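**Q** Before I ask anything, here is the structure I am working with.
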Amino acid sequence: QSQFFEYDEHLNPHGHRTTADIISRQLKDEFSDVNLISKELFSDRYPGYSPDGRLFTYQSARDGTMELFLHEIKSDQSHRITFNKVDESHPMLSPNQSLLVFTEGDPAENQTKVTIMNSNGSNRRYITNGKNEYGAIAAFSPGGRYLTYAGWFYDVKTGQYSNPQIILLDMELGTKKSVTRDLFESWRPVMAPKEDFVIY
């Protein structure tokens, strides 16, 4: 049985299950202090730590859609912060933990939005807010001033989507610029510690 989806390189449910089983067996053999956060099979994935290591975010399928959660390490408690019928994925906390950026929408439709809100779930707004402007998998810079993500556009005249480009948003000035051109697909940008390089 295939381990991957046909339309991209991501693991399908069978691939995730197989991989999880292998990792689980390995962890049980080698470590005694493993703490299982995912108690049920809800496709929990994409964990990301806060800079101080006290929290991490993750996405989890609830009510048939992906929702976002915060987990407190010290209390070992998870808190659901989104409640809706929209898929939300790839969450990341800002360095000061006040904001949460994530991808909103069904990736199979090529029309996901980069969305940001307060880490308590309030004041939700789009970063990709232009007409026919889309994006995914955003990341804060280490200092919190910049946000990088893969962004693309839909051309109504041609009926085609552009290739994803790396976009750099200056959170202080509110300005966006393309770091790459759309000759090739570019994904998953992160910024270097000094915020002088983008790696993608």
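All residue names refer to the structure tokens as shown: chains lettered A, B, ... in order, residues numbered from 1 in each chain, ligands numbered from 1 in order.
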Which residues are near region 135-149 of chain A? Cut-off 7 Å, only C-alpha atoms, ignore same chain within fewer than 4 positions. Put them as an mmCIF file with N, CA, C and O atoms, in the first residue's frame.

**A**
data_model
loop_
_atom_site.group_PDB
_atom_site.id
_atom_site.type_symbol
_atom_site.label_atom_id
_atom_site.label_comp_id
_atom_site.auth_asym_id
_atom_site.auth_seq_id
_atom_site.Cartn_x
_atom_site.Cartn_y
_atom_site.Cartn_z
ATOM 1 N N HIS A 90 -0.152 24.328 10.419
ATOM 2 C CA HIS A 90 1.189 24.927 10.523
ATOM 3 C C HIS A 90 1.232 26.134 11.468
ATOM 4 O O HIS A 90 1.689 27.211 11.099
ATOM 5 N N MET A 92 2.446 28.727 14.359
ATOM 6 C CA MET A 92 3.728 29.164 14.930
ATOM 7 C C MET A 92 3.495 30.382 15.807
ATOM 8 O O MET A 92 2.853 31.353 15.395
ATOM 9 N N SER A 94 4.644 33.773 17.853
ATOM 10 C CA SER A 94 5.640 34.844 17.733
ATOM 11 C C SER A 94 6.625 34.719 18.891
ATOM 12 O O SER A 94 6.318 34.094 19.917
ATOM 13 N N PRO A 95 7.829 35.300 18.763
ATOM 14 C CA PRO A 95 8.821 35.185 19.837
ATOM 15 C C PRO A 95 8.328 35.646 21.204
ATOM 16 O O PRO A 95 8.687 35.076 22.224
ATOM 17 N N VAL A 101 0.586 32.667 14.048
ATOM 18 C CA VAL A 101 0.372 32.694 12.605
ATOM 19 C C VAL A 101 0.146 31.269 12.135
ATOM 20 O O VAL A 101 0.698 30.319 12.708
ATOM 21 N N PHE A 102 -0.688 31.096 11.096
ATOM 22 C CA PHE A 102 -1.021 29.753 10.633
ATOM 23 C C PHE A 102 -1.587 29.814 9.218
ATOM 24 O O PHE A 102 -1.828 30.901 8.671
ATOM 25 N N THR A 103 -1.784 28.637 8.632
ATOM 26 C CA THR A 103 -2.377 28.509 7.302
ATOM 27 C C THR A 103 -3.846 28.157 7.464
ATOM 28 O O THR A 103 -4.181 27.252 8.225
ATOM 29 N N THR A 112 -5.262 28.598 0.077
ATOM 30 C CA THR A 112 -5.068 28.805 1.511
ATOM 31 C C THR A 112 -4.602 30.230 1.782
ATOM 32 O O THR A 112 -3.992 30.882 0.930
ATOM 33 N N LYS A 113 -4.898 30.690 2.971
ATOM 34 C CA LYS A 113 -4.543 32.043 3.396
ATOM 35 C C LYS A 113 -3.576 31.983 4.575
ATOM 36 O O LYS A 113 -3.689 31.110 5.440
ATOM 37 N N VAL A 114 -2.638 32.917 4.606
ATOM 38 C CA VAL A 114 -1.801 33.097 5.787
ATOM 39 C C VAL A 114 -2.595 33.990 6.733
ATOM 40 O O VAL A 114 -2.997 35.100 6.374
ATOM 41 N N THR A 128 -2.404 37.438 3.819
ATOM 42 C CA THR A 128 -2.634 37.400 2.369
ATOM 43 C C THR A 128 -4.044 37.926 2.133
ATOM 44 O O THR A 128 -4.997 37.164 1.961
ATOM 45 N N ILE A 166 8.765 33.224 -2.115
ATOM 46 C CA ILE A 166 9.011 33.553 -0.708
ATOM 47 C C ILE A 166 8.736 35.040 -0.517
ATOM 48 O O ILE A 166 9.337 35.888 -1.177
ATOM 49 N N ILE A 167 7.804 35.326 0.400
ATOM 50 C CA ILE A 167 7.406 36.700 0.690
ATOM 51 C C ILE A 167 7.944 37.080 2.063
ATOM 52 O O ILE A 167 7.887 36.295 3.013
ATOM 53 N N LEU A 168 8.449 38.304 2.162
ATOM 54 C CA LEU A 168 8.948 38.845 3.428
ATOM 55 C C LEU A 168 8.053 40.009 3.824
ATOM 56 O O LEU A 168 7.934 40.995 3.090
ATOM 57 N N LEU A 169 7.400 39.887 4.970
ATOM 58 C CA LEU A 169 6.543 40.946 5.495
ATOM 59 C C LEU A 169 7.245 41.617 6.664
ATOM 60 O O LEU A 169 7.649 40.938 7.620
ATOM 61 N N ASP A 170 7.418 42.931 6.582
ATOM 62 C CA ASP A 170 7.940 43.720 7.701
ATOM 63 C C ASP A 170 6.755 44.072 8.585
ATOM 64 O O ASP A 170 5.891 44.866 8.200
ATOM 65 N N MET A 171 6.674 43.480 9.764
ATOM 66 C CA MET A 171 5.525 43.665 10.645
ATOM 67 C C MET A 171 5.429 45.098 11.177
ATOM 68 O O MET A 171 4.340 45.571 11.472
ATOM 69 N N GLU A 172 6.564 45.787 11.291
ATOM 70 C CA GLU A 172 6.552 47.160 11.796
ATOM 71 C C GLU A 172 6.067 48.130 10.736
ATOM 72 O O GLU A 172 5.255 49.013 11.001
ATOM 73 N N ARG A 188 8.457 26.878 2.573
ATOM 74 C CA ARG A 188 8.914 26.746 3.962
ATOM 75 C C ARG A 188 10.108 27.633 4.336
ATOM 76 O O ARG A 188 11.169 27.151 4.732
ATOM 77 N N PRO A 189 9.960 28.949 4.210
ATOM 78 C CA PRO A 189 11.081 29.829 4.575
ATOM 79 C C PRO A 189 11.250 29.957 6.086
ATOM 80 O O PRO A 189 10.286 29.902 6.841
ATOM 81 N N VAL A 190 12.495 30.104 6.500
ATOM 82 C CA VAL A 190 12.833 30.462 7.883
ATOM 83 C C VAL A 190 13.942 31.497 7.827
ATOM 84 O O VAL A 190 14.724 31.532 6.879
ATOM 85 N N MET A 191 13.996 32.351 8.858
ATOM 86 C CA MET A 191 15.018 33.391 8.898
ATOM 87 C C MET A 191 16.152 33.003 9.814
ATOM 88 O O MET A 191 15.951 32.357 10.846
ATOM 89 N N PRO A 193 19.197 33.556 12.581
ATOM 90 C CA PRO A 193 19.111 34.224 13.894
ATOM 91 C C PRO A 193 19.326 35.738 13.856
ATOM 92 O O PRO A 193 18.679 36.476 14.600
ATOM 93 N N GLU A 195 18.527 37.601 11.372
ATOM 94 C CA GLU A 195 17.509 38.136 10.468
ATOM 95 C C GLU A 195 18.101 38.752 9.205
ATOM 96 O O GLU A 195 17.520 39.653 8.600
#

**Q** Show which residues sit within 12 Å of Tyr154 (chain A), as a PyMOL selection string. Count only C-alpha atoms, and ignore same-chain residues fewer than 5 positions away.

**A** chain A and resi 109-112+130-135+159-164

**Q** So what do you get for CA of Leu36 (chain A) versus CA of Asp76 (chain A), distance-wise?

**A**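 Result for CA of Leu36 (chain A) versus CA of Asp76 (chain A): 10.0 Å, one decimal.
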
**Q** Counting only C-alpha atoms, which residues of region 91-185 of chain A sit at most 9 Å from some atom of region 82-86 of chain A, and what is each one's closest atom pair with its distance in Å to one decimal, listed by chain and rising residue number, as JSON lines?

**A**
{"residue": "A:Glu104", "atom": "CA", "partner": "A:Val86", "partner_atom": "CA", "distance": 7.0}
{"residue": "A:Gly105", "atom": "CA", "partner": "A:Val86", "partner_atom": "CA", "distance": 6.0}
{"residue": "A:Asp106", "atom": "CA", "partner": "A:Val86", "partner_atom": "CA", "distance": 7.9}
{"residue": "A:Gly121", "atom": "CA", "partner": "A:Thr82", "partner_atom": "CA", "distance": 6.4}

**Q** Just to confirm, what's the straight-line distance from CA of Thr115 (chain A) to CA of Leu41 (chain A) in Å (one decimal)?

**A**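 Going from CA of Thr115 (chain A) over to CA of Leu41 (chain A) covers 26.2 Å.
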
**Q** What does the distance from CA of Lys74 (chain A) to CA of Leu27 (chain A) come to in Å, to one decimal?

**A**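 Result for CA of Lys74 (chain A) versus CA of Leu27 (chain A): 21.5 Å, one decimal.
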